[in-house]
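Listing of my_file_10.txt, compact mmCIF, C-alpha atoms and all ligand atoms
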```
# COMPACT_ATOMS: atom_id res chain seq x y z
CA MET S 1127 23.33 53.63 -4.04
CA ILE S 1128 21.73 50.52 -2.65
CA SER S 1129 20.70 49.98 0.94
CA ASN S 1130 23.55 48.64 3.13
CA VAL S 1131 26.14 49.78 0.56
CA ARG S 1132 27.25 53.38 0.17
CA LEU S 1133 30.20 55.24 -1.33
CA ILE S 1134 31.58 57.90 0.97
CA ASP S 1135 34.03 60.74 0.33
CA ILE S 1136 37.33 60.75 2.19
CA VAL S 1137 39.25 64.01 2.51
CA GLU S 1138 42.71 63.88 0.92
CA HIS S 1139 45.45 66.06 2.36
CA ILE S 1140 47.79 66.59 -0.55
CA ASP S 1141 50.85 68.81 -0.68
CA TYR S 1142 54.23 68.71 -2.42
CA ARG S 1143 55.29 65.78 -0.21
CA GLY S 1144 52.43 63.55 -1.31
CA GLY S 1145 49.02 62.56 0.00
CA LEU S 1146 47.46 61.51 3.31
CA ILE S 1147 44.03 60.24 4.28
CA ALA S 1148 42.71 59.81 7.82
CA ILE S 1149 39.64 57.90 9.00
CA GLU S 1150 38.49 58.41 12.56
CA SER S 1151 36.38 55.92 14.48
CA LEU S 1152 32.85 57.15 15.29
CA LYS S 1153 33.49 60.39 13.37
CA ASP S 1154 34.15 59.63 9.72
CA ILE S 1155 32.52 56.22 10.00
CA LEU S 1156 29.75 55.42 12.44
CA PHE S 1157 31.30 52.35 14.00
CA ASP S 1158 34.10 51.60 16.36
CA ILE S 1159 37.16 50.34 14.48
CA LYS S 1160 38.34 46.94 15.78
CA ARG S 1161 40.42 45.72 12.85
CA VAL S 1162 42.24 46.89 9.73
CA TYR S 1163 43.47 44.54 7.05
CA CYS S 1164 44.84 44.96 3.55
CA ILE S 1165 44.49 42.85 0.42
CA TYR S 1166 47.34 43.28 -2.06
CA GLY S 1167 49.36 41.45 -4.70
CA VAL S 1168 46.21 39.96 -6.22
CA ASN S 1169 46.55 38.47 -9.68
CA PRO S 1170 44.09 40.24 -12.03
CA GLU S 1171 42.47 36.87 -12.83
CA ASN S 1172 41.70 36.17 -9.19
CA LYS S 1173 38.64 36.98 -7.15
CA ARG S 1174 38.51 37.73 -3.40
CA GLY S 1175 35.63 37.91 -0.98
CA GLU S 1176 32.78 35.72 -2.26
CA HIS S 1177 31.07 35.77 1.09
CA ALA S 1178 28.66 37.78 3.22
CA HIS S 1179 28.77 38.73 6.89
CA LYS S 1180 25.97 38.45 9.43
CA LYS S 1181 26.94 41.45 11.52
CA LEU S 1182 30.22 43.01 10.34
CA LYS S 1183 30.44 46.58 9.05
CA GLN S 1184 33.32 47.45 6.76
CA LEU S 1185 34.81 50.36 4.89
CA MET S 1186 36.85 49.43 1.80
CA VAL S 1187 39.35 51.87 0.34
CA ALA S 1188 41.67 51.27 -2.63
CA ILE S 1189 44.66 53.16 -1.28
CA ALA S 1190 46.65 52.21 -4.41
CA GLY S 1191 45.59 50.88 -7.80
CA LYS S 1192 42.03 49.81 -8.48
CA CYS S 1193 39.54 46.97 -8.20
CA THR S 1194 35.84 46.30 -8.63
CA VAL S 1195 33.54 45.34 -5.77
CA LYS S 1196 30.27 43.61 -6.66
CA CYS S 1197 27.65 43.81 -3.93
CA GLN S 1198 24.45 41.82 -3.81
CA THR S 1199 21.76 42.82 -1.35
CA VAL S 1200 18.15 41.80 -0.89
CA GLU S 1201 17.24 44.41 -3.54
CA GLU S 1202 19.84 44.29 -6.28
CA ILE S 1203 23.35 43.62 -7.50
CA LYS S 1204 25.65 46.55 -8.16
CA GLU S 1205 29.30 47.01 -9.11
CA PHE S 1206 31.48 49.73 -7.60
CA GLU S 1207 34.84 50.76 -9.01
CA LEU S 1208 37.34 51.66 -6.29
CA CYS S 1209 40.24 53.59 -7.77
CA SER S 1210 41.16 56.40 -5.40
CA PRO S 1211 42.01 56.90 -1.71
CA ASN S 1212 39.36 59.62 -1.62
CA LYS S 1213 36.43 57.16 -1.93
CA GLY S 1214 35.40 54.47 0.52
CA LEU S 1215 32.75 51.79 0.10
CA LEU S 1216 30.75 51.31 3.27
CA VAL S 1217 29.24 47.82 3.45
CA GLU S 1218 27.02 46.74 6.33
CA GLY S 1219 24.42 44.09 6.97
CA LEU S 1220 23.68 41.13 4.75
CA VAL S 1221 25.64 41.84 1.59
CA TRP S 1222 27.31 39.28 -0.66
CA ARG S 1223 30.58 40.83 -1.86
CA GLU S 1224 33.06 39.84 -4.54
CA MET S 1225 36.21 41.76 -5.42
CA TYR S 1226 37.89 41.36 -8.81
CA ASN S 1227 39.55 43.25 -11.70
CA PHE S 1228 42.45 43.98 -9.37
CA SER S 1229 45.25 46.01 -10.87
CA ARG S 1230 48.62 44.48 -9.93
CA ASP S 1231 49.47 47.49 -7.76
CA CYS S 1232 46.13 47.49 -5.92
CA VAL S 1233 46.19 47.74 -2.14
CA LEU S 1234 42.67 47.40 -0.79
CA MET S 1235 42.46 48.54 2.82
CA VAL S 1236 39.49 47.25 4.80
CA ILE S 1237 38.45 48.81 8.10
CA ALA S 1238 36.16 46.58 10.13
CA SER S 1239 33.81 46.95 13.09
CA GLU S 1240 34.64 43.55 14.64
CA TYR S 1241 37.58 41.26 15.28
CA TYR S 1242 38.07 38.42 12.83
CA ASP S 1243 35.39 35.80 13.52
CA GLU S 1244 34.80 32.89 11.16
CA HIS S 1245 31.31 32.43 12.70
CA ASP S 1246 30.24 35.78 11.23
CA TYR S 1247 30.87 34.56 7.66
CA ILE S 1248 28.33 33.17 5.21
CA ARG S 1249 30.58 31.48 2.68
CA LYS S 1250 28.01 29.66 0.51
CA HIS S 1251 25.92 31.73 -1.86
CA ASP S 1252 22.90 29.42 -1.36
CA ASP S 1253 23.05 30.10 2.39
CA PHE S 1254 23.19 33.85 1.69
CA VAL S 1255 20.06 33.62 -0.50
CA LYS S 1256 18.28 31.67 2.28
CA ALA S 1257 19.38 34.25 4.87
CA ILE S 1258 18.04 37.23 2.88
CA LYS S 1259 14.75 35.38 2.26
CA ASN S 1260 14.42 34.67 6.00
CA ARG S 1261 15.16 38.31 6.90
CA THR S 1262 12.61 39.55 4.36
CA LEU S 1263 9.99 37.11 5.67
CA SER S 1264 10.58 38.04 9.32
CA ALA S 1265 10.39 41.77 8.44
CA ASP S 1266 6.94 41.34 6.78
P1 LIG E 1301 39.67 35.29 3.23
O1 LIG E 1301 38.44 35.39 4.07
O2 LIG E 1301 39.74 34.17 2.26
O3 LIG E 1301 39.95 36.66 2.47
P2 LIG E 1301 39.05 37.44 1.37
O4 LIG E 1301 37.90 38.02 2.10
O5 LIG E 1301 39.92 38.51 0.86
O6 LIG E 1301 38.70 36.50 0.27
O7 LIG E 1301 40.93 35.23 4.21
C1 LIG E 1301 42.22 34.78 3.81
C2 LIG E 1301 42.96 34.27 5.04
O8 LIG E 1301 43.25 35.33 5.93
C3 LIG E 1301 42.19 33.23 5.82
O9 LIG E 1301 43.08 32.23 6.22
C4 LIG E 1301 41.67 33.97 7.03
C5 LIG E 1301 42.73 35.05 7.23
N1 LIG E 1301 42.21 36.29 7.81
C6 LIG E 1301 42.64 36.67 9.06
O10 LIG E 1301 43.42 35.98 9.75
N2 LIG E 1301 42.19 37.85 9.58
C7 LIG E 1301 41.33 38.67 8.90
O11 LIG E 1301 40.95 39.74 9.41
C8 LIG E 1301 40.88 38.25 7.59
C9 LIG E 1301 39.94 39.10 6.80
C10 LIG E 1301 41.36 37.05 7.09
```
Could you take the file, read its structure, and then write that structure out as structure tokens?
Ligand code: TYD
Amino acid sequence: MISNVRLIDIVEHIDYRGGLIAIESLKDILFDIKRVYCIYGVNPENKRGEHAHKKLKQLMVAIAGKCTVKCQTVEEIKEFELCSPNKGLLVEGLVWREMYNFSRDCVLMVIASEYYDEHDYIRKHDDFVKAIKNRTLSAD
């Protein structure tokens, strides 16, 4: 695990009819859910994400198929394979994220702590590097 990025277990309720997962605001995840969106139909050659957020907290769950999420924090870069509805990747704080290696059937559900706000995005990697340097300096 790296700080600001953590894999969490999600309970699956499976019976002869199929499976079900439930995620409750302020219980299973420690933020209030304001938005849910899904990424799907991604060509395996394509990448999504390639940005960081200033404030947003997110939980990513591959509810079908699989994909890889690369996270860069102030400390390190790490890849996480999401391939089951019973695992969620919790991402909060200044984290550069890139999603790739999508299987054609992948549906990546993202649960977010805030409404969509373009001002919360850092879309240039250089700006992200500056932002983590500034945070590290102000924390010293
Ligand atoms: P984009 O940020 O490029 O997606 P990704 O993080 O997967 O690379 O968003 C694609 C489009 O969808 C863009 O026009 C903005 C829009 N969008 C919303 O309207 N609401 C949302 O919650 C999100 C995440 C994106």
Original post:
Counting all atoms listed in the file, what is within 7 Å of Tyr1163 (chain S), bar same-chain residues fewer than 5 positions away, as a ChimeraX atom specification?
Top reply: /S:1235-1237
Subject >> S:Lys1181, S:His1251, S:Glu1202, S:Ile1165 ranked by distance to ligand LIG 1301 (chain E), top pick (using only C-alpha atoms and all ligand atoms) >> reply: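 Of S:Lys1181, S:His1251, S:Glu1202, S:Ile1165, the one nearest ligand LIG 1301 (chain E), counting only C-alpha atoms and all ligand atoms, is S:Ile1165.
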**OP:** Identify which of the residues S:Tyr1242, S:Tyr1166, S:Tyr1142, S:Phe1157 lies closest to ligand LIG 1301 (chain E), counting only C-alpha atoms and all ligand atoms when measuring atom-to-atom distances.
**Re:** S:Tyr1242
**OP:** Could you tell me, counting all atoms listed in the file, which protein and nucleic acid residues lie no more than 12 Å from ligand LIG 1301 (chain E), written as a PyMOL selection string?
**Re:** chain S and resi 1160-1168+1172-1179+1182+1184+1186+1195+1222-1226+1228+1233-1249
**OP:** Enter the distance from CA of Glu1207 (chain S) to CA of Ile1136 (chain S), in Å, rounded to one decimal.
**Re:**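 Distance reported for this atom pair: 15.2 Å.
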